[in-house]
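Novice: Data file input.txt (compact mmCIF, C-alpha atoms) is appended below.
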# COMPACT_ATOMS: atom_id res chain seq x y z
CA MET G 1 64.03 138.26 111.37
CA LYS G 2 62.20 136.53 108.52
CA LYS G 3 64.85 133.80 108.26
CA TRP G 4 64.73 133.19 112.01
CA LEU G 5 60.94 132.97 112.00
CA ALA G 6 61.28 130.39 109.24
CA ALA G 7 63.81 128.47 111.37
CA PHE G 8 61.42 128.60 114.35
CA ARG G 9 58.80 126.74 112.21
CA LEU G 10 55.85 128.51 113.80
CA ARG G 11 53.37 126.11 112.23
CA THR G 12 54.53 123.44 114.69
CA LEU G 13 53.57 125.53 117.76
CA PRO G 14 49.84 124.61 117.77
CA LEU G 15 50.86 120.99 118.19
CA ALA G 16 53.25 121.83 121.01
CA LEU G 17 50.48 123.67 122.85
CA SER G 18 47.95 120.85 122.37
CA SER G 19 49.29 118.58 125.11
CA ILE G 20 49.59 121.49 127.56
CA GLY G 21 46.06 122.52 126.63
CA MET G 22 44.74 119.03 127.25
CA GLY G 23 46.33 118.81 130.70
CA SER G 24 45.10 122.32 131.53
CA PHE G 25 41.51 121.62 130.47
CA LEU G 26 41.46 118.45 132.55
CA ALA G 27 42.81 120.40 135.53
CA ALA G 28 40.16 123.11 135.04
CA ALA G 29 37.44 120.46 134.96
CA ASN G 30 38.85 119.28 138.30
CA ASN G 31 38.87 122.86 139.70
CA THR G 32 42.66 123.01 140.04
CA PHE G 33 43.51 125.39 137.18
CA ASP G 34 45.96 128.28 137.77
CA TRP G 35 46.63 130.93 135.11
CA ARG G 36 50.22 131.48 136.25
CA ILE G 37 51.02 127.80 135.80
CA PHE G 38 49.28 127.74 132.42
CA ALA G 39 51.19 130.79 131.14
CA LEU G 40 54.55 129.36 132.21
CA CYS G 41 53.63 125.89 130.88
CA ALA G 42 52.81 127.40 127.49
CA LEU G 43 55.94 129.57 127.44
CA THR G 44 58.21 126.68 128.41
CA THR G 45 56.60 124.43 125.80
CA ILE G 46 57.05 127.05 123.07
CA PHE G 47 60.72 127.49 123.99
CA LEU G 48 61.27 123.73 123.91
CA GLN G 49 59.52 123.37 120.55
CA VAL G 50 61.54 126.17 118.98
CA LEU G 51 64.70 124.65 120.48
CA SER G 52 63.80 121.31 118.89
CA ASN G 53 63.18 122.96 115.51
CA LEU G 54 66.49 124.85 115.59
CA ALA G 55 68.39 121.72 116.64
CA ASN G 56 66.64 119.80 113.85
CA ASP G 57 67.67 122.41 111.28
CA TYR G 58 71.26 122.25 112.55
CA GLY G 59 71.44 118.47 112.93
CA ASP G 60 69.88 117.57 109.59
CA SER G 61 72.27 119.93 107.80
CA VAL G 62 75.32 118.49 109.54
CA ASN G 63 74.21 114.87 109.17
CA GLY G 64 73.09 115.16 105.57
CA ALA G 65 69.30 114.87 105.66
CA ASP G 66 68.95 118.45 104.41
CA HIS G 67 70.74 118.12 101.08
CA ALA G 68 70.32 119.67 97.64
CA ASP G 69 67.94 116.91 96.45
CA ARG G 70 65.57 117.26 99.40
CA SER G 71 62.09 118.23 98.15
CA GLY G 72 60.57 119.57 101.38
CA PRO G 73 60.62 123.18 102.63
CA SER G 74 64.03 124.83 102.52
CA ARG G 75 65.96 124.77 105.80
CA MET G 76 67.89 127.78 106.98
CA VAL G 77 71.33 126.23 107.56
CA GLN G 78 71.20 124.05 104.45
CA SER G 79 70.18 127.05 102.31
CA GLY G 80 72.93 129.24 103.78
CA ALA G 81 70.51 131.81 105.24
CA ILE G 82 71.81 131.05 108.76
CA SER G 83 75.35 129.85 109.46
CA LEU G 84 76.18 126.86 111.65
CA SER G 85 77.77 129.12 114.28
CA GLN G 86 74.70 131.38 114.36
CA MET G 87 72.43 128.36 114.76
CA LYS G 88 74.59 126.99 117.59
CA LYS G 89 74.27 130.29 119.45
CA ALA G 90 70.49 130.30 118.93
CA ILE G 91 70.26 126.74 120.27
CA ILE G 92 72.20 127.71 123.40
CA LEU G 93 69.99 130.79 123.84
CA PHE G 94 66.80 128.71 123.73
CA VAL G 95 68.27 126.18 126.15
CA VAL G 96 68.72 129.09 128.58
CA PHE G 97 65.20 130.40 127.87
CA SER G 98 63.75 126.91 128.47
CA LEU G 99 65.61 126.52 131.76
CA ILE G 100 64.59 129.94 133.09
CA SER G 101 60.95 129.47 132.13
CA GLY G 102 60.87 125.85 133.35
CA ILE G 103 62.45 126.68 136.73
CA SER G 104 59.96 129.54 137.19
CA LEU G 105 57.12 127.14 136.38
CA LEU G 106 58.29 124.62 138.96
CA TYR G 107 58.67 127.32 141.61
CA PHE G 108 55.11 128.58 141.10
CA SER G 109 53.80 125.00 141.12
CA PHE G 110 55.78 123.42 143.98
CA GLY G 111 57.32 126.28 145.93
CA LEU G 112 59.99 124.87 148.23
CA ASN G 113 58.92 121.25 147.83
CA TRP G 114 62.38 120.25 146.63
CA GLN G 115 61.51 116.60 146.05
CA MET G 116 58.85 117.44 143.47
CA PHE G 117 60.92 120.35 142.14
CA LEU G 118 63.94 118.15 141.44
CA PHE G 119 61.84 115.32 139.97
CA PHE G 120 60.26 117.62 137.39
CA PHE G 121 63.54 119.45 136.82
CA VAL G 122 65.09 116.14 135.72
CA ILE G 123 62.14 115.59 133.36
CA GLY G 124 62.66 119.10 131.97
CA VAL G 125 66.36 118.52 131.39
CA GLY G 126 65.42 115.25 129.68
CA ALA G 127 63.07 117.17 127.38
CA ILE G 128 65.89 119.58 126.47
CA ILE G 129 68.27 116.70 125.73
CA ALA G 130 65.59 114.92 123.68
CA ALA G 131 64.91 118.10 121.68
CA ILE G 132 68.58 118.46 120.76
CA ALA G 133 69.54 114.80 120.33
CA TYR G 134 66.72 114.03 117.87
CA THR G 135 68.86 114.98 114.86
CA ALA G 136 71.94 116.66 116.38
CA GLY G 137 75.02 114.95 117.78
CA LYS G 138 77.04 111.95 116.64
CA LYS G 139 74.25 109.40 117.13
CA PRO G 140 70.90 111.21 116.67
CA TYR G 141 68.06 108.91 117.69
CA GLY G 142 65.80 110.28 114.96
CA TYR G 143 68.07 108.63 112.39
CA VAL G 144 67.35 105.15 113.74
CA GLY G 145 63.56 105.56 113.82
CA LEU G 146 63.06 106.43 117.50
CA GLY G 147 61.56 109.84 116.87
CA ASP G 148 58.01 108.47 117.03
CA LEU G 149 58.58 107.04 120.51
CA SER G 150 60.11 110.27 121.78
CA VAL G 151 57.27 112.39 120.39
CA PHE G 152 54.68 110.06 121.95
CA ILE G 153 56.36 110.29 125.36
CA PHE G 154 56.96 114.04 125.50
CA PHE G 155 53.94 115.32 123.51
CA GLY G 156 51.63 112.76 125.08
CA LEU G 157 52.45 111.25 128.44
CA VAL G 158 54.75 113.96 129.79
CA GLY G 159 52.89 116.87 128.20
CA VAL G 160 49.39 115.93 129.36
CA ILE G 161 49.94 114.04 132.62
CA GLY G 162 52.90 116.21 133.62
CA SER G 163 51.06 119.49 133.09
CA TYR G 164 47.98 118.14 134.91
CA PHE G 165 50.15 117.18 137.90
CA LEU G 166 51.62 120.69 138.04
CA TYR G 167 48.09 121.94 138.77
CA ALA G 168 46.53 119.15 140.78
CA LYS G 169 49.59 117.57 142.50
CA ALA G 170 47.95 114.20 141.81
CA VAL G 171 47.08 111.97 138.84
CA HIS G 172 44.59 109.25 137.95
CA TRP G 173 45.25 106.29 135.66
CA SER G 174 42.44 107.35 133.28
CA LEU G 175 44.52 110.40 132.30
CA LEU G 176 46.58 107.98 130.23
CA LEU G 177 43.76 107.93 127.68
CA PRO G 178 43.72 111.64 126.69
CA SER G 179 47.52 111.67 126.89
CA ILE G 180 47.58 108.75 124.44
CA SER G 181 45.33 110.76 122.10
CA CYS G 182 47.66 113.78 122.12
CA GLY G 183 50.73 111.59 121.81
CA LEU G 184 49.44 109.61 118.83
CA PHE G 185 48.17 112.70 117.00
CA SER G 186 51.61 114.26 117.48
CA VAL G 187 53.27 111.13 116.10
CA ALA G 188 50.91 111.42 113.12
CA VAL G 189 52.28 114.91 112.41
CA LEU G 190 55.83 113.54 112.51
CA ASN G 191 54.75 110.65 110.28
CA ILE G 192 53.50 113.08 107.62
CA ASN G 193 56.84 114.87 107.78
CA ASN G 194 58.70 111.58 107.38
CA ILE G 195 56.48 110.37 104.53
CA ARG G 196 57.09 113.66 102.74
CA ASP G 197 60.87 113.26 103.15
CA ILE G 198 61.03 109.51 102.60
CA GLU G 199 63.16 109.62 99.43
CA SER G 200 65.63 112.24 100.68
CA ASP G 201 65.89 110.47 104.04
CA LYS G 202 66.82 107.23 102.26
CA ILE G 203 69.67 109.03 100.52
CA ALA G 204 70.87 110.57 103.80
CA GLY G 205 70.68 107.30 105.73
CA LYS G 206 67.93 108.57 108.03
CA HIS G 207 65.93 105.45 108.88
CA SER G 208 62.61 106.94 109.96
CA VAL G 209 59.60 104.65 110.37
CA PRO G 210 58.31 105.32 106.80
CA VAL G 211 61.79 104.59 105.40
CA ARG G 212 61.87 101.30 107.33
CA ILE G 213 58.36 100.05 106.48
CA GLY G 214 57.75 101.76 103.11
CA ARG G 215 55.17 104.33 102.06
CA PRO G 216 52.08 102.02 101.75
CA ALA G 217 52.57 100.65 105.26
CA ALA G 218 53.35 104.15 106.57
CA THR G 219 49.95 105.40 105.35
CA THR G 220 48.24 102.50 107.12
CA TYR G 221 50.29 103.29 110.22
CA HIS G 222 49.05 106.88 109.92
CA THR G 223 45.42 105.76 109.91
CA ILE G 224 46.02 103.54 112.95
CA LEU G 225 47.64 106.41 114.87
CA ILE G 226 44.69 108.74 114.33
CA ALA G 227 42.01 106.09 114.88
CA THR G 228 43.58 104.90 118.12
CA GLY G 229 43.88 108.48 119.34
CA VAL G 230 40.18 109.10 118.72
CA ILE G 231 39.19 105.82 120.38
CA SER G 232 41.26 106.66 123.46
CA ALA G 233 39.40 109.97 123.86
CA MET G 234 36.06 108.22 123.43
CA VAL G 235 36.90 105.60 126.06
CA TYR G 236 37.92 108.33 128.50
CA SER G 237 34.64 110.17 127.95
CA LEU G 238 32.63 106.98 128.41
CA LEU G 239 34.46 106.08 131.62
CA ASN G 240 33.85 109.58 133.00
CA PHE G 241 30.44 110.14 131.41
CA GLU G 242 28.23 112.88 132.81
CA SER G 243 26.91 114.60 129.68
CA TYR G 244 26.84 114.11 125.92
CA LEU G 245 28.65 117.45 125.68
CA GLN G 246 31.80 115.49 126.55
CA PHE G 247 31.69 114.17 122.98
CA LEU G 248 31.97 117.59 121.31
CA PHE G 249 35.32 116.48 119.96
CA VAL G 250 33.60 114.17 117.44
CA LEU G 251 32.82 117.34 115.44
CA MET G 252 36.54 117.46 114.58
CA LEU G 253 36.65 113.94 113.14
CA PRO G 254 36.04 115.07 109.51
CA LEU G 255 39.30 117.05 109.74
CA PHE G 256 41.15 113.84 110.57
CA GLY G 257 39.36 112.10 107.71
CA VAL G 258 40.60 114.73 105.28
CA ASN G 259 44.13 114.25 106.58
CA ILE G 260 44.04 110.46 106.30
CA LYS G 261 42.74 110.67 102.72
CA ALA G 262 45.42 113.19 101.75
CA VAL G 263 48.24 111.09 103.16
CA ARG G 264 46.95 108.11 101.17
CA THR G 265 46.44 109.95 97.88
CA LYS G 266 48.94 112.82 97.71
CA MET G 267 52.19 111.47 96.32
CA THR G 268 54.56 114.41 95.97
CA ALA G 269 56.27 116.33 98.79
CA SER G 270 54.69 119.63 97.74
CA GLU G 271 51.21 118.07 97.77
CA ILE G 272 51.52 116.42 101.17
CA ASP G 273 53.38 119.21 102.99
CA PRO G 274 50.28 121.41 103.72
CA TYR G 275 48.69 118.50 105.57
CA LEU G 276 51.43 118.58 108.19
CA LYS G 277 50.11 121.97 109.32
CA GLN G 278 46.53 120.77 108.85
CA MET G 279 47.12 117.82 111.20
CA ALA G 280 48.74 120.07 113.82
CA LEU G 281 45.81 122.51 113.72
CA SER G 282 43.29 119.64 113.72
CA THR G 283 44.92 118.31 116.87
CA LEU G 284 44.65 121.70 118.57
CA LEU G 285 40.98 122.05 117.55
CA PHE G 286 40.33 118.51 118.81
CA VAL G 287 41.87 119.42 122.18
CA LEU G 288 39.82 122.64 122.38
CA ALA G 289 36.60 120.74 121.64
CA PHE G 290 37.50 117.96 124.06
CA GLY G 291 38.38 120.48 126.78
CA LEU G 292 35.24 122.54 126.24
CA GLY G 293 33.20 119.36 126.60
CA GLN G 294 34.90 118.61 129.89
CA LEU G 295 34.12 122.10 131.21
CA LEU G 296 30.46 122.09 130.08
CA LYS G 297 29.56 118.60 131.25
Rewrite the structure of this file - the entire thing - as structure tokens.

Specialist:
Amino acid sequence: MKKWLAAFRLRTLPLALSSIGMGSFLAAANNTFDWRIFALCALTTIFLQVLSNLANDYGDSVNGADHADRSGPSRMVQSGAISLSQMKKAIILFVVFSLISGISLLYFSFGLNWQMFLFFFVIGVGAIIAAIAYTAGKKPYGYVGLGDLSVFIFFGLVGVIGSYFLYAKAVHWSLLLPSISCGLFSVAVLNINNIRDIESDKIAGKHSVPVRIGRPAATTYHTILIATGVISAMVYSLLNFESYLQFLFVLMLPLFGVNIKAVRTKMTASEIDPYLKQMALSTLLFVLAFGLGQLLK
């Protein structure tokens, strides 16, 4: 069980829940929240995140990114703790879990409205494909630097706006702003991961954004991601201003400052790795503070 928990990469789950949390808080502020939808949203998101982590472990081992010279945390297939066949079976199992949970979610949200059901089902299948194809398959898109775009879309736009729509059955253009915040913070987590692995990724031919632009530019990119995410949340709160409590999230800004400084100054993989988890938790705390402000306004 310990090796499977390591393969699940539980430290990534707070980030996965952040976008669902943001959409749910916004729905609650609009008096459209439903606990059944929230529970199934969270469960489906967790299944998809674990699926992505398992597929990443499998794909990076097959495609060479997880090799003996890699300095990041040990991966289960690369280390031999889990065989390729075992990992394949686990991936299939979590595809099934994701489908069952996702279909249940859509039923509770839309009932027999087949048009909406099928529309979101296609999005869900797209999320499953994106989770697997990031590093697995013959042409993984993560190896050509498209991981950032995928994370922004699914952890930002789809996660926040999609979950909000499941509650409210409607959207407003201003929801783009908090979804941009979640999306960019999620990309920042991926960016830390890619900065940590920049040397081993070069050897493996994995052309992530940091590999393409170099470490100095990648740290500047990291700062821009976080700053733009914060600004987006501020603009949303100003456009929908009712109370200064809506700016509770500014209390979390020092956490982002610590992360930005660490990414700029920590040079080894072992030094920078803890800040991947720190950024994920900071994002979740930011969402909790933002959501609380929306409820108390």

Novice: Determine, using only C-alpha atoms, which residues of stretch 144-261 of chain G have any atom at most 12 Å from an atom of stretch 28-31 of chain G, and tabulate each with its shortest atom pair and distance in Å to one decimal place, rows ordered by chain and then rising number, as JSON lines.

Specialist:
{"residue": "G:Ser163", "atom": "CA", "partner": "G:Ala28", "partner_atom": "CA", "distance": 11.6}
{"residue": "G:Tyr164", "atom": "CA", "partner": "G:Ala28", "partner_atom": "CA", "distance": 9.3}
{"residue": "G:Phe165", "atom": "CA", "partner": "G:Asn30", "partner_atom": "CA", "distance": 11.5}
{"residue": "G:Tyr167", "atom": "CA", "partner": "G:Ala28", "partner_atom": "CA", "distance": 8.8}
{"residue": "G:Ala168", "atom": "CA", "partner": "G:Asn30", "partner_atom": "CA", "distance": 8.1}
{"residue": "G:Lys169", "atom": "CA", "partner": "G:Asn30", "partner_atom": "CA", "distance": 11.7}
{"residue": "G:Ala170", "atom": "CA", "partner": "G:Asn30", "partner_atom": "CA", "distance": 11.0}
{"residue": "G:Val171", "atom": "CA", "partner": "G:Asn30", "partner_atom": "CA", "distance": 11.0}
{"residue": "G:His172", "atom": "CA", "partner": "G:Asn30", "partner_atom": "CA", "distance": 11.6}
{"residue": "G:Asn240", "atom": "CA", "partner": "G:Ala29", "partner_atom": "CA", "distance": 11.6}
{"residue": "G:Gln246", "atom": "CA", "partner": "G:Ala29", "partner_atom": "CA", "distance": 11.3}

Novice: So that each row is one residue of stretch 97-149 of chain G with an atom at most 7 Å from stretch 201-216 of chain G, can you give its shortest atom pair and the distance in Å to one decimal, using all atoms listed in the file, rows by chain and rising number, as JSON lines?

Specialist:
{"residue": "G:Gly142", "atom": "CA", "partner": "G:Ser208", "partner_atom": "CA", "distance": 6.8}
{"residue": "G:Tyr143", "atom": "CA", "partner": "G:Lys206", "partner_atom": "CA", "distance": 4.4}
{"residue": "G:Val144", "atom": "CA", "partner": "G:His207", "partner_atom": "CA", "distance": 5.1}
{"residue": "G:Gly145", "atom": "CA", "partner": "G:Ser208", "partner_atom": "CA", "distance": 4.2}

Novice: From the set G:Ala90, G:Leu285, G:Ile198, G:Ile224, which residue has the shortest atom-to-atom contact distance to G:Thr268, counting only C-alpha atoms?

Specialist: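 Closest to G:Thr268 of all the choices is G:Ile198.
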
Novice: For each of G:Leu15, G:Met87, G:Leu176, G:Val187, take the minimum atom-to-atom distance to G:Ser282, counting all atoms listed in the file, then give the residue where this is smallest.

Specialist: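 For G:Ser282, the nearest of the candidates is G:Leu15.
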
Novice: Would you pick out the contacts of G:Arg9 at 9 Å or less, using all atoms listed in the file, so that residues sharing its chain but fewer than 3 positions from it are not included, and give the list as a PyMOL selection string?

Specialist: chain G and resi 4-6+12-13+50+53-54

Novice: Expressed in Å to a single decimal, how great is the separation between atom CA of G:Ala81 and atom CA of G:Lys2?

Specialist: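 Interatomic distance here is 10.1 Å.
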
Novice: Considering all atoms listed in the file, can you say which of G:Leu105, G:Leu26, G:Leu84, G:Ile192 comes closest to G:Ser237?

Specialist: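 Smallest separation from G:Ser237 among the options: G:Leu26.
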
Novice: Taking only C-alpha atoms into account, which of G:Ser104, G:Ala218, G:Ser19, G:Tyr244 comes nearest G:Ile153?

Specialist: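 The shortest atom-to-atom distance to G:Ile153 comes from G:Ser19.
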
Novice: Nearest to G:Asn191 among G:Ile129, G:Asp273, G:Val230, G:Met116, with distances taken over only C-alpha atoms: which residue is it?

Specialist: G:Asp273

Novice: Calculated over only C-alpha atoms, which of the candidates G:Ile123, G:Ala136, G:Ala188, G:Leu175 has the smallest distance to G:Ala280?

Specialist: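 Of all the options, G:Ala188 lies closest to G:Ala280.
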
Novice: Between atom CA of G:Trp35 and atom CA of G:Ala127, what distance in Å does the model show, to one decimal?

Specialist: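 For atom CA of G:Trp35 relative to atom CA of G:Ala127, the distance reads 22.8 Å.
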
Novice: Find the residues around G:Phe155 up to 8 Å (all atoms listed in the file counted), leave out those fewer than 2 positions away in its own chain, and share them as a JSON list (two decimals) with C-alpha atoms, in the frame of the given file.

Specialist:
[["chain", "number", "residue", "atom", "x", "y", "z"],
["G", 16, "ALA", "CA", 53.25, 121.83, 121.01],
["G", 19, "SER", "CA", 49.29, 118.58, 125.11],
["G", 151, "VAL", "CA", 57.27, 112.39, 120.39],
["G", 152, "PHE", "CA", 54.68, 110.06, 121.95],
["G", 153, "ILE", "CA", 56.36, 110.29, 125.36],
["G", 157, "LEU", "CA", 52.45, 111.25, 128.44],
["G", 158, "VAL", "CA", 54.75, 113.96, 129.79],
["G", 159, "GLY", "CA", 52.89, 116.87, 128.20],
["G", 160, "VAL", "CA", 49.39, 115.93, 129.36],
["G", 182, "CYS", "CA", 47.66, 113.78, 122.12],
["G", 183, "GLY", "CA", 50.73, 111.59, 121.81],
["G", 186, "SER", "CA", 51.61, 114.26, 117.48]]

Novice: Considering only C-alpha atoms, return as number ranges by chain whatever protein or nucleic-acid residues lie within 12 Å of G:Val96, sequence-local ones (same chain, fewer than 4 positions apart) excluded.

Specialist: G: 44, 47-48, 51, 89-92, 100-103, 125, 128

Novice: Would you put the residues from that selection into a file with C-alpha atoms, as an mmCIF file, in the frame of the given file?

Specialist:
data_model
loop_
_atom_site.group_PDB
_atom_site.id
_atom_site.type_symbol
_atom_site.label_atom_id
_atom_site.label_comp_id
_atom_site.auth_asym_id
_atom_site.auth_seq_id
_atom_site.Cartn_x
_atom_site.Cartn_y
_atom_site.Cartn_z
ATOM 1 C CA THR G 44 58.210 126.680 128.410
ATOM 2 C CA PHE G 47 60.720 127.490 123.990
ATOM 3 C CA LEU G 48 61.270 123.730 123.910
ATOM 4 C CA LEU G 51 64.700 124.650 120.480
ATOM 5 C CA LYS G 89 74.270 130.290 119.450
ATOM 6 C CA ALA G 90 70.490 130.300 118.930
ATOM 7 C CA ILE G 91 70.260 126.740 120.270
ATOM 8 C CA ILE G 92 72.200 127.710 123.400
ATOM 9 C CA ILE G 100 64.590 129.940 133.090
ATOM 10 C CA SER G 101 60.950 129.470 132.130
ATOM 11 C CA GLY G 102 60.870 125.850 133.350
ATOM 12 C CA ILE G 103 62.450 126.680 136.730
ATOM 13 C CA VAL G 125 66.360 118.520 131.390
ATOM 14 C CA ILE G 128 65.890 119.580 126.470
#

Novice: If I take atom CA of G:Leu253 and atom CA of G:Tyr236, how far is one from the other in Å, to one decimal?

Specialist: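 Atom CA of G:Tyr236 lies at a distance of 16.4 Å from atom CA of G:Leu253.
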
Novice: Could you pull the residues within 10 Å of G:Phe256, counting all atoms listed in the file, minus those fewer than 3 positions along the same chain, as a PyMOL selection string?

Specialist: chain G and resi 185+223+226-227+230+252-253+259-262+278-279+282-283+286

Novice: Mind listing whatever residues come within 10 Å of the point (46.0, 103.3, 125.6)? Use only C-alpha atoms, file coordinates, and give them as a list of chain:residue names.

Specialist: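 Within 10 Å of (46.0, 103.3, 125.6), the protein and nucleic acid residues are G:Ser174, G:Leu175, G:Leu176, G:Leu177, G:Pro178, G:Ser179, G:Ile180, G:Ser181, G:Leu184, G:Thr228, G:Gly229, G:Ile231, G:Ser232, G:Ala233, G:Val235, G:Tyr236.
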
Novice: Can you rebuild stretch 162-170 of chain G with all heavy atoms and give it as a PDB file, keeping the file's coordinate frame?

Specialist:
ATOM      1  N   GLY G 162      51.992 115.328 132.897  1.00  0.00           N
ATOM      2  CA  GLY G 162      52.900 116.210 133.620  1.00  0.00           C
ATOM      3  C   GLY G 162      52.291 117.561 133.897  1.00  0.00           C
ATOM      4  O   GLY G 162      52.365 118.080 135.023  1.00  0.00           O
ATOM      5  N   SER G 163      51.671 118.169 132.881  1.00  0.00           N
ATOM      6  CA  SER G 163      51.060 119.490 133.090  1.00  0.00           C
ATOM      7  C   SER G 163      49.884 119.394 134.054  1.00  0.00           C
ATOM      8  O   SER G 163      49.687 120.290 134.891  1.00  0.00           O
ATOM      9  CB  SER G 163      50.621 120.094 131.747  1.00  0.00           C
ATOM     10  OG  SER G 163      49.662 119.278 131.103  1.00  0.00           O
ATOM     11  N   TYR G 164      49.095 118.334 133.968  1.00  0.00           N
ATOM     12  CA  TYR G 164      47.980 118.140 134.910  1.00  0.00           C
ATOM     13  C   TYR G 164      48.501 118.066 136.346  1.00  0.00           C
ATOM     14  O   TYR G 164      47.938 118.674 137.257  1.00  0.00           O
ATOM     15  CB  TYR G 164      47.214 116.874 134.559  1.00  0.00           C
ATOM     16  CG  TYR G 164      46.058 116.594 135.496  1.00  0.00           C
ATOM     17  CD1 TYR G 164      44.792 117.115 135.249  1.00  0.00           C
ATOM     18  CD2 TYR G 164      46.231 115.817 136.641  1.00  0.00           C
ATOM     19  CE1 TYR G 164      43.735 116.879 136.114  1.00  0.00           C
ATOM     20  CE2 TYR G 164      45.177 115.571 137.516  1.00  0.00           C
ATOM     21  CZ  TYR G 164      43.936 116.103 137.243  1.00  0.00           C
ATOM     22  OH  TYR G 164      42.895 115.872 138.113  1.00  0.00           O
ATOM     23  N   PHE G 165      49.597 117.344 136.551  1.00  0.00           N
ATOM     24  CA  PHE G 165      50.150 117.180 137.900  1.00  0.00           C
ATOM     25  C   PHE G 165      50.642 118.518 138.451  1.00  0.00           C
ATOM     26  O   PHE G 165      50.547 118.770 139.659  1.00  0.00           O
ATOM     27  CB  PHE G 165      51.292 116.169 137.893  1.00  0.00           C
ATOM     28  CG  PHE G 165      51.760 115.775 139.269  1.00  0.00           C
ATOM     29  CD1 PHE G 165      51.175 114.704 139.929  1.00  0.00           C
ATOM     30  CD2 PHE G 165      52.767 116.482 139.926  1.00  0.00           C
ATOM     31  CE1 PHE G 165      51.588 114.337 141.201  1.00  0.00           C
ATOM     32  CE2 PHE G 165      53.187 116.130 141.187  1.00  0.00           C
ATOM     33  CZ  PHE G 165      52.594 115.050 141.834  1.00  0.00           C
ATOM     34  N   LEU G 166      51.146 119.384 137.588  1.00  0.00           N
ATOM     35  CA  LEU G 166      51.620 120.690 138.040  1.00  0.00           C
ATOM     36  C   LEU G 166      50.475 121.499 138.671  1.00  0.00           C
ATOM     37  O   LEU G 166      50.700 122.304 139.588  1.00  0.00           O
ATOM     38  CB  LEU G 166      52.217 121.478 136.884  1.00  0.00           C
ATOM     39  CG  LEU G 166      53.541 120.943 136.323  1.00  0.00           C
ATOM     40  CD1 LEU G 166      53.936 121.724 135.083  1.00  0.00           C
ATOM     41  CD2 LEU G 166      54.646 121.003 137.373  1.00  0.00           C
ATOM     42  N   TYR G 167      49.250 121.279 138.185  1.00  0.00           N
ATOM     43  CA  TYR G 167      48.090 121.940 138.770  1.00  0.00           C
ATOM     44  C   TYR G 167      47.559 121.194 139.996  1.00  0.00           C
ATOM     45  O   TYR G 167      47.380 121.770 141.067  1.00  0.00           O
ATOM     46  CB  TYR G 167      46.945 122.016 137.748  1.00  0.00           C
ATOM     47  CG  TYR G 167      47.187 122.849 136.529  1.00  0.00           C
ATOM     48  CD1 TYR G 167      47.395 122.253 135.286  1.00  0.00           C
ATOM     49  CD2 TYR G 167      47.166 124.232 136.583  1.00  0.00           C
ATOM     50  CE1 TYR G 167      47.587 123.011 134.141  1.00  0.00           C
ATOM     51  CE2 TYR G 167      47.346 125.011 135.451  1.00  0.00           C
ATOM     52  CZ  TYR G 167      47.561 124.387 134.231  1.00  0.00           C
ATOM     53  OH  TYR G 167      47.747 125.145 133.111  1.00  0.00           O
ATOM     54  N   ALA G 168      47.293 119.915 139.797  1.00  0.00           N
ATOM     55  CA  ALA G 168      46.530 119.150 140.780  1.00  0.00           C
ATOM     56  C   ALA G 168      47.365 118.463 141.845  1.00  0.00           C
ATOM     57  O   ALA G 168      46.840 118.059 142.880  1.00  0.00           O
ATOM     58  CB  ALA G 168      45.679 118.098 140.046  1.00  0.00           C
ATOM     59  N   LYS G 169      48.672 118.281 141.581  1.00  0.00           N
ATOM     60  CA  LYS G 169      49.590 117.570 142.500  1.00  0.00           C
ATOM     61  C   LYS G 169      49.147 116.128 142.718  1.00  0.00           C
ATOM     62  O   LYS G 169      49.457 115.508 143.737  1.00  0.00           O
ATOM     63  CB  LYS G 169      49.680 118.301 143.853  1.00  0.00           C
ATOM     64  CG  LYS G 169      49.881 119.808 143.783  1.00  0.00           C
ATOM     65  CD  LYS G 169      51.132 120.189 143.036  1.00  0.00           C
ATOM     66  CE  LYS G 169      51.383 121.696 143.078  1.00  0.00           C
ATOM     67  NZ  LYS G 169      50.409 122.469 142.291  1.00  0.00           N
ATOM     68  N   ALA G 170      48.405 115.590 141.744  1.00  0.00           N
ATOM     69  CA  ALA G 170      47.950 114.200 141.810  1.00  0.00           C
ATOM     70  C   ALA G 170      47.553 113.783 140.392  1.00  0.00           C
ATOM     71  O   ALA G 170      47.314 114.636 139.524  1.00  0.00           O
ATOM     72  CB  ALA G 170      46.768 114.048 142.754  1.00  0.00           C
TER      73      ALA G 170
END
